[in-house]
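J.: A single structure is presented below for examination.
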Amino acid sequence: MTSTTDQVAGFADLAATTLLRFATAGSVDDGKSTLVGRLLHDSKSVLTDQLEAVEAVSAQRGQDTPDLALLTDGLRAEREQGITIDVAYRYFATARRRFILADTPGHVQYTRNMVTGASTADLAVVLVDARNGVIEQTRRHAAVAALLRVPHVVLAVNKMDLVGYEESVFAKIAEEFTAYASDLGVPEITAIPISALAGDNVVEPSAHMDWYGGPTVLEHLETVPVSHDLTACPARFPVQYVIRPQTAEHPDYRGYAGQIASGVLRVGEPVTVLPSGRTSVIAGIDALGESVDIAWAPQSVTVRLADDIDISRGDLIAPSASAPATTQDVVATVCHVADQPLAVGARVLIKHTTRTVKAIVKEIPSRLTLDDLSQHPDPGQLVANDIGRVVVRTAEPLALDAYADSRRTGSFLLIDPADGTTLAAGMAGESFASQGRTTVQADEEGWDF
């Protein structure tokens, strides 16, 4: 008979071998949409009617061949301007793996969209125009990938056909980018010379670059080892909803519904409810209408406890032996995504898993300078697309993990309480650069927690 440990391991292995989430990024006109279009077209992942529509639009523009970038640039403004504005998600599969692709914008003003596209990615493809080499936007995308702890980065040196397929051009760009990304802490970097327009090294090996002996883009995507084993992390169960039917059939039923963010929950396990700190034991787990003895991330379940405890949406249930510490002082790195600046003293809402609480930005110790990865101390505020360190004081305790340990429970959003606008995406704990702390005065506006 198969043990529960084997069942969990089998579930994780299945996910690891069948699904890859990846994002593309690069500066304007580096050819991201063309690369994605070529990838979909040459892997035979494009429906006939989609290809016919692209061919028709291309013919109207007087183009002799289909413009494969139109397969991902779906907004009218994107097609008219020839740029990517929004994150375009595409789902496709080969015989070896399934893929969820996020094609993110390259324009500087849309860098914040990369945070959205890469936040759940296992791999990021960063494109560079072979004629331009590594530019500031390339460094910004590498920094975002490093901050988001994307474990694999592919440097796709595009438009090699426009530099005569010269190996020296590719080698110089690959060396510069690899050194920069390694300083950021990116664990694995793979450089591939390509021509998305001509199809060189995208799906099929190039006949023009016999000096390159590595994989094509698709081959690397199909074979890169990716682990989705959320069960290896300590269990975290953010409560989304309290279920109390109070019917004749279930007069005393009290269950806590949500999605397991990480780890494994077992019936009979002692647990702690945060932030209250009260303890109990898991009396039952209901999944898909049936009682089970064990459940693991990312399953959606209802947990029943042995004791009646005051629990509501936003509370976190975790095994008592590995429960996270709670804090009201959140030290984190943030990517600022709003048009309005984020300043010291700003009143915000912080959304962590299913919990949303009031907070104040107490400090902004530094802002990252992308050219040399130095820290600009005490900038006073962060503006759109800035990456910086913040210290936030919350009105109520939060049970955060370090982002390096858990991307699910170590991340949060800062929200404008006036209109609900997302201000910044945050990663708790240390980033790739060392940070200092400064002394600030107490807030006098009534939100001093």
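By order of appearance in the structure tokens: chains A, B, ..., then residues from 1 within every chain, and ligands from 1 in the order shown.
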So which residues touch range 148-157 of chain A within 6 Å, counting only C-alpha atoms, skipping near sequence neighbours fewer than 4 positions away, as a PyMOL selection string?
T.: chain A and resi 122-128+130+188-194
J.: Name all residues at most 10 Å from Pro245 in chain A (count only C-alpha atoms; drop same-chain ones fewer than 6 positions away) and give them as a PDB file with N, CA, C and O atoms, in the first residue's frame.
T.:
ATOM      1  N   PRO A 251     -25.411  20.704  12.426  1.00  0.00           N
ATOM      2  CA  PRO A 251     -25.739  21.775  13.385  1.00  0.00           C
ATOM      3  C   PRO A 251     -24.516  22.407  14.046  1.00  0.00           C
ATOM      4  O   PRO A 251     -24.542  23.588  14.394  1.00  0.00           O
ATOM      5  N   ASP A 252     -23.449  21.651  14.220  1.00  0.00           N
ATOM      6  CA  ASP A 252     -22.295  22.157  14.960  1.00  0.00           C
ATOM      7  C   ASP A 252     -21.039  22.262  14.096  1.00  0.00           C
ATOM      8  O   ASP A 252     -19.939  22.441  14.624  1.00  0.00           O
ATOM      9  N   TYR A 253     -21.215  22.152  12.780  1.00  0.00           N
ATOM     10  CA  TYR A 253     -20.046  22.153  11.888  1.00  0.00           C
ATOM     11  C   TYR A 253     -19.387  23.538  11.872  1.00  0.00           C
ATOM     12  O   TYR A 253     -20.046  24.553  11.690  1.00  0.00           O
ATOM     13  N   ARG A 254     -18.076  23.561  12.090  1.00  0.00           N
ATOM     14  CA  ARG A 254     -17.296  24.792  11.960  1.00  0.00           C
ATOM     15  C   ARG A 254     -15.995  24.443  11.238  1.00  0.00           C
ATOM     16  O   ARG A 254     -15.152  23.713  11.771  1.00  0.00           O
ATOM     17  N   GLY A 255     -15.867  24.954  10.036  1.00  0.00           N
ATOM     18  CA  GLY A 255     -14.677  24.659   9.242  1.00  0.00           C
ATOM     19  C   GLY A 255     -14.035  25.925   8.731  1.00  0.00           C
ATOM     20  O   GLY A 255     -14.685  26.964   8.581  1.00  0.00           O
TER      21      GLY A 255
END
J.: Taking only range 195-410 of chain A into account, list the residues labelled helix (DSSP H, G or I) by DSSP (computed from the backbone), as a list in words.
T.: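 Helix (DSSP H, G or I) assignments inside range 195-410 of chain A correspond to Val217, Leu218, Glu219, His220, Leu221, Glu222, Thr223, Leu230, Thr231, Ala232, Ser320, Ala321 and Ser322 of chain A.
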J.: If you keep N, CA, C and O atoms, can you produce a file of those selected residues as a JSON list (two decimals), in the first residue's frame?
T.:
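And here is the file that came out, out_16.json:
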[["chain", "number", "residue", "atom", "x", "y", "z"],
["A", 217, "VAL", "N", 16.18, 27.35, -27.47],
["A", 217, "VAL", "CA", 15.34, 27.88, -26.40],
["A", 217, "VAL", "C", 14.32, 26.84, -25.96],
["A", 217, "VAL", "O", 14.15, 26.58, -24.76],
["A", 218, "LEU", "N", 13.63, 26.22, -26.91],
["A", 218, "LEU", "CA", 12.60, 25.23, -26.55],
["A", 218, "LEU", "C", 13.21, 24.02, -25.86],
["A", 218, "LEU", "O", 12.65, 23.51, -24.88],
["A", 219, "GLU", "N", 14.35, 23.57, -26.34],
["A", 219, "GLU", "CA", 14.99, 22.41, -25.71],
["A", 219, "GLU", "C", 15.34, 22.70, -24.26],
["A", 219, "GLU", "O", 15.15, 21.86, -23.38],
["A", 220, "HIS", "N", 15.82, 23.91, -24.00],
["A", 220, "HIS", "CA", 16.15, 24.27, -22.62],
["A", 220, "HIS", "C", 14.89, 24.35, -21.77],
["A", 220, "HIS", "O", 14.88, 23.89, -20.63],
["A", 221, "LEU", "N", 13.83, 24.94, -22.33],
["A", 221, "LEU", "CA", 12.58, 25.04, -21.58],
["A", 221, "LEU", "C", 12.01, 23.65, -21.26],
["A", 221, "LEU", "O", 11.40, 23.45, -20.21],
["A", 222, "GLU", "N", 12.21, 22.71, -22.16],
["A", 222, "GLU", "CA", 11.68, 21.36, -21.95],
["A", 222, "GLU", "C", 12.49, 20.55, -20.95],
["A", 222, "GLU", "O", 11.96, 19.62, -20.33],
["A", 223, "THR", "N", 13.75, 20.91, -20.75],
["A", 223, "THR", "CA", 14.63, 20.05, -19.95],
["A", 223, "THR", "C", 15.13, 20.69, -18.66],
["A", 223, "THR", "O", 15.71, 19.99, -17.82],
["A", 230, "LEU", "N", 6.12, 22.34, -3.11],
["A", 230, "LEU", "CA", 5.74, 23.22, -2.00],
["A", 230, "LEU", "C", 5.62, 22.45, -0.69],
["A", 230, "LEU", "O", 5.58, 23.05, 0.38],
["A", 231, "THR", "N", 5.58, 21.12, -0.79],
["A", 231, "THR", "CA", 5.42, 20.32, 0.43],
["A", 231, "THR", "C", 6.71, 20.28, 1.24],
["A", 231, "THR", "O", 6.70, 19.83, 2.39],
["A", 232, "ALA", "N", 7.82, 20.71, 0.67],
["A", 232, "ALA", "CA", 9.08, 20.70, 1.40],
["A", 232, "ALA", "C", 9.16, 21.84, 2.41],
["A", 232, "ALA", "O", 10.00, 21.82, 3.30],
["A", 320, "SER", "N", 2.34, 23.82, 15.11],
["A", 320, "SER", "CA", 2.94, 24.49, 16.26],
["A", 320, "SER", "C", 4.46, 24.38, 16.27],
["A", 320, "SER", "O", 5.16, 25.29, 16.73],
["A", 321, "ALA", "N", 4.98, 23.28, 15.75],
["A", 321, "ALA", "CA", 6.42, 23.06, 15.78],
["A", 321, "ALA", "C", 7.17, 23.96, 14.82],
["A", 321, "ALA", "O", 8.39, 24.17, 14.97],
["A", 322, "SER", "N", 6.48, 24.51, 13.81],
["A", 322, "SER", "CA", 7.18, 25.33, 12.81],
["A", 322, "SER", "C", 6.40, 26.60, 12.49],
["A", 322, "SER", "O", 6.46, 27.11, 11.37]]
J.: Within range 220-417 of chain A, find each residue whose DSSP state, derived from the backbone, is strand (DSSP E), and express the selection as a PyMOL selection string.
T.: chain A and resi 237-238+241-243+255-259+264-266+270-274+278-287+290-292+294-296+300-305+316-319+327-336+342-343+347-352+355-369+374-377+381-382+387-398+411-415
J.: Hey, could you make a per-residue contact list for range 330-421 of chain A against range 276-299 of chain A with 12 Å as the cut-off, showing the nearest pair of atoms and its distance in Å to one decimal, counting only C-alpha atoms, sorted by chain and number, as JSON lines?
T.:
{"residue": "A:Glu396", "atom": "CA", "partner": "A:Ser276", "partner_atom": "CA", "distance": 10.4}
{"residue": "A:Pro397", "atom": "CA", "partner": "A:Ser276", "partner_atom": "CA", "distance": 9.0}
{"residue": "A:Leu398", "atom": "CA", "partner": "A:Ser276", "partner_atom": "CA", "distance": 10.3}
{"residue": "A:Ala399", "atom": "CA", "partner": "A:Ser276", "partner_atom": "CA", "distance": 10.3}
{"residue": "A:Arg408", "atom": "CA", "partner": "A:Pro298", "partner_atom": "CA", "distance": 10.6}
J.: Could you please take those selected residues and save N, CA, C and O atoms as a compact mmCIF listing (two decimals), in the first residue's frame?
T.:
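And here is the file that came out, result_4.txt:
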# COMPACT_ATOMS: atom_id res chain seq x y z
N GLU A 396 -1.51 45.73 13.19
CA GLU A 396 -1.71 44.43 13.80
C GLU A 396 -0.57 43.51 13.38
O GLU A 396 0.02 43.70 12.32
N PRO A 397 -0.24 42.50 14.19
CA PRO A 397 0.87 41.60 13.85
C PRO A 397 0.58 40.80 12.58
O PRO A 397 -0.56 40.43 12.29
N LEU A 398 1.64 40.55 11.82
CA LEU A 398 1.57 39.71 10.64
C LEU A 398 2.52 38.52 10.81
O LEU A 398 3.60 38.65 11.39
N ALA A 399 2.11 37.37 10.27
CA ALA A 399 2.93 36.15 10.33
C ALA A 399 3.62 35.97 8.99
O ALA A 399 3.17 35.20 8.14
N ARG A 408 5.35 32.45 -1.39
CA ARG A 408 3.92 32.64 -1.16
C ARG A 408 3.66 33.45 0.10
O ARG A 408 2.88 34.41 0.09
J.: Which value, in Å to one decimal, gives the distance between CA of Phe170 in chain A and CA of Gly37 in chain A?
T.: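 Atom-to-atom, CA of Phe170 in chain A to CA of Gly37 in chain A, that is 22.6 Å.
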J.: Mind dumping a table of every range 120-188 of chain A residue within 12 Å of range 328-345 of chain A, with the nearest atom pair and its distance in Å to one decimal, using only C-alpha atoms, sorted by chain and rising number, as JSON lines?
T.:
{"residue": "A:Arg140", "atom": "CA", "partner": "A:Cys335", "partner_atom": "CA", "distance": 10.8}
{"residue": "A:His141", "atom": "CA", "partner": "A:Cys335", "partner_atom": "CA", "distance": 11.5}
{"residue": "A:Ala143", "atom": "CA", "partner": "A:Cys335", "partner_atom": "CA", "distance": 10.2}
{"residue": "A:Val144", "atom": "CA", "partner": "A:Cys335", "partner_atom": "CA", "distance": 8.0}
{"residue": "A:Ala145", "atom": "CA", "partner": "A:Cys335", "partner_atom": "CA", "distance": 11.3}
{"residue": "A:Ala146", "atom": "CA", "partner": "A:Thr333", "partner_atom": "CA", "distance": 11.5}
{"residue": "A:Leu147", "atom": "CA", "partner": "A:Thr333", "partner_atom": "CA", "distance": 7.9}
{"residue": "A:Leu148", "atom": "CA", "partner": "A:Cys335", "partner_atom": "CA", "distance": 9.9}
J.: Would you put the residues from that selection into a file with N, CA, C and O atoms, as an mmCIF file, in the first residue's frame?
T.:
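Here's the written file out_34.cif:
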data_model
loop_
_atom_site.group_PDB
_atom_site.id
_atom_site.type_symbol
_atom_site.label_atom_id
_atom_site.label_comp_id
_atom_site.auth_asym_id
_atom_site.auth_seq_id
_atom_site.Cartn_x
_atom_site.Cartn_y
_atom_site.Cartn_z
ATOM 1 N N ARG A 140 17.670 46.230 -15.174
ATOM 2 C CA ARG A 140 16.467 46.333 -14.345
ATOM 3 C C ARG A 140 15.713 44.996 -14.344
ATOM 4 O O ARG A 140 15.253 44.526 -13.305
ATOM 5 N N HIS A 141 15.580 44.372 -15.504
ATOM 6 C CA HIS A 141 14.865 43.095 -15.580
ATOM 7 C C HIS A 141 15.634 42.004 -14.827
ATOM 8 O O HIS A 141 15.031 41.147 -14.181
ATOM 9 N N ALA A 143 17.499 42.521 -12.220
ATOM 10 C CA ALA A 143 17.310 42.819 -10.800
ATOM 11 C C ALA A 143 15.950 42.344 -10.316
ATOM 12 O O ALA A 143 15.831 41.776 -9.223
ATOM 13 N N VAL A 144 14.907 42.572 -11.121
ATOM 14 C CA VAL A 144 13.567 42.117 -10.739
ATOM 15 C C VAL A 144 13.533 40.597 -10.638
ATOM 16 O O VAL A 144 12.972 40.027 -9.692
ATOM 17 N N ALA A 145 14.146 39.912 -11.613
ATOM 18 C CA ALA A 145 14.181 38.448 -11.574
ATOM 19 C C ALA A 145 14.903 37.949 -10.330
ATOM 20 O O ALA A 145 14.482 36.974 -9.703
ATOM 21 N N ALA A 146 15.989 38.630 -9.948
ATOM 22 C CA ALA A 146 16.732 38.220 -8.762
ATOM 23 C C ALA A 146 15.934 38.472 -7.490
ATOM 24 O O ALA A 146 15.899 37.635 -6.588
ATOM 25 N N LEU A 147 15.277 39.635 -7.408
ATOM 26 C CA LEU A 147 14.486 39.956 -6.229
ATOM 27 C C LEU A 147 13.329 38.990 -6.051
ATOM 28 O O LEU A 147 12.979 38.606 -4.934
ATOM 29 N N LEU A 148 12.722 38.581 -7.170
ATOM 30 C CA LEU A 148 11.589 37.668 -7.111
ATOM 31 C C LEU A 148 12.024 36.212 -6.947
ATOM 32 O O LEU A 148 11.196 35.310 -6.953
#
J.: Show me, as a compact mmCIF listing (two decimals) with all heavy atoms, in the first residue's frame, the residues that have an atom within 7 Å of Asp30 in chain A when counting only C-alpha atoms, minus same-chain residues fewer than 2 positions from it.
T.:
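Produced file selection.txt, reproduced below:
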# COMPACT_ATOMS: atom_id res chain seq x y z
N GLY A 26 12.48 42.11 -21.67
CA GLY A 26 13.50 42.72 -22.51
C GLY A 26 13.09 44.13 -22.85
O GLY A 26 11.95 44.54 -22.62
N SER A 27 14.01 44.89 -23.41
CA SER A 27 13.72 46.28 -23.74
C SER A 27 12.86 46.37 -25.00
O SER A 27 12.61 45.37 -25.69
CB SER A 27 15.03 47.05 -23.95
OG SER A 27 14.78 48.43 -24.07
N VAL A 28 12.38 47.57 -25.29
CA VAL A 28 11.54 47.80 -26.46
C VAL A 28 12.29 47.40 -27.73
O VAL A 28 13.48 47.70 -27.89
CB VAL A 28 11.11 49.28 -26.54
CG1 VAL A 28 10.33 49.56 -27.82
CG2 VAL A 28 10.26 49.64 -25.33
N LYS A 32 10.73 40.41 -28.11
CA LYS A 32 10.10 39.43 -27.23
C LYS A 32 8.88 38.80 -27.88
O LYS A 32 8.72 37.59 -27.88
CB LYS A 32 9.67 40.09 -25.91
CG LYS A 32 10.80 40.65 -25.09
CD LYS A 32 10.30 41.23 -23.80
CE LYS A 32 9.15 42.20 -24.03
NZ LYS A 32 9.48 43.29 -24.97
N LEU A 127 15.61 39.04 -23.00
CA LEU A 127 16.10 39.27 -24.35
C LEU A 127 17.02 40.48 -24.41
O LEU A 127 16.79 41.48 -23.73
CB LEU A 127 14.94 39.47 -25.33
CG LEU A 127 14.53 38.22 -26.11
CD1 LEU A 127 13.80 37.26 -25.19
CD2 LEU A 127 13.66 38.58 -27.30
N VAL A 128 18.03 40.39 -25.26
CA VAL A 128 18.95 41.49 -25.51
C VAL A 128 19.14 41.60 -27.01
O VAL A 128 19.34 40.58 -27.69
CB VAL A 128 20.31 41.24 -24.81
CG1 VAL A 128 21.33 42.29 -25.24
CG2 VAL A 128 20.15 41.26 -23.31
N ASP A 129 19.07 42.81 -27.53
CA ASP A 129 19.37 43.06 -28.94
C ASP A 129 20.89 42.96 -29.11
O ASP A 129 21.64 43.69 -28.46
CB ASP A 129 18.87 44.45 -29.34
CG ASP A 129 18.97 44.70 -30.85
OD1 ASP A 129 19.94 44.23 -31.47
OD2 ASP A 129 18.07 45.38 -31.39
N ASN A 158 19.26 38.19 -29.06
CA ASN A 158 18.44 38.15 -30.26
C ASN A 158 19.06 38.99 -31.39
O ASN A 158 19.97 39.77 -31.18
CB ASN A 158 17.03 38.66 -29.93
CG ASN A 158 16.04 38.36 -31.02
OD1 ASN A 158 16.24 37.44 -31.83
ND2 ASN A 158 14.97 39.11 -31.10
J.: Need to verify the contact set: Arg355 in chain A, 10 Å, only C-alpha atoms, exclusion of same-chain residues closer than 2 positions in sequence. Can you return it as a list of chain:residue names?
T.: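 Once the adjacent positions are removed, what remains is A:Pro238, A:Val239, A:Gln240, A:Ser312, A:Arg313, A:Gly314, A:Asp315, A:Leu316, A:Ile350, A:Lys351, A:His352, A:Thr353, A:Val357, A:Leu398, A:Ala399, A:Phe412.
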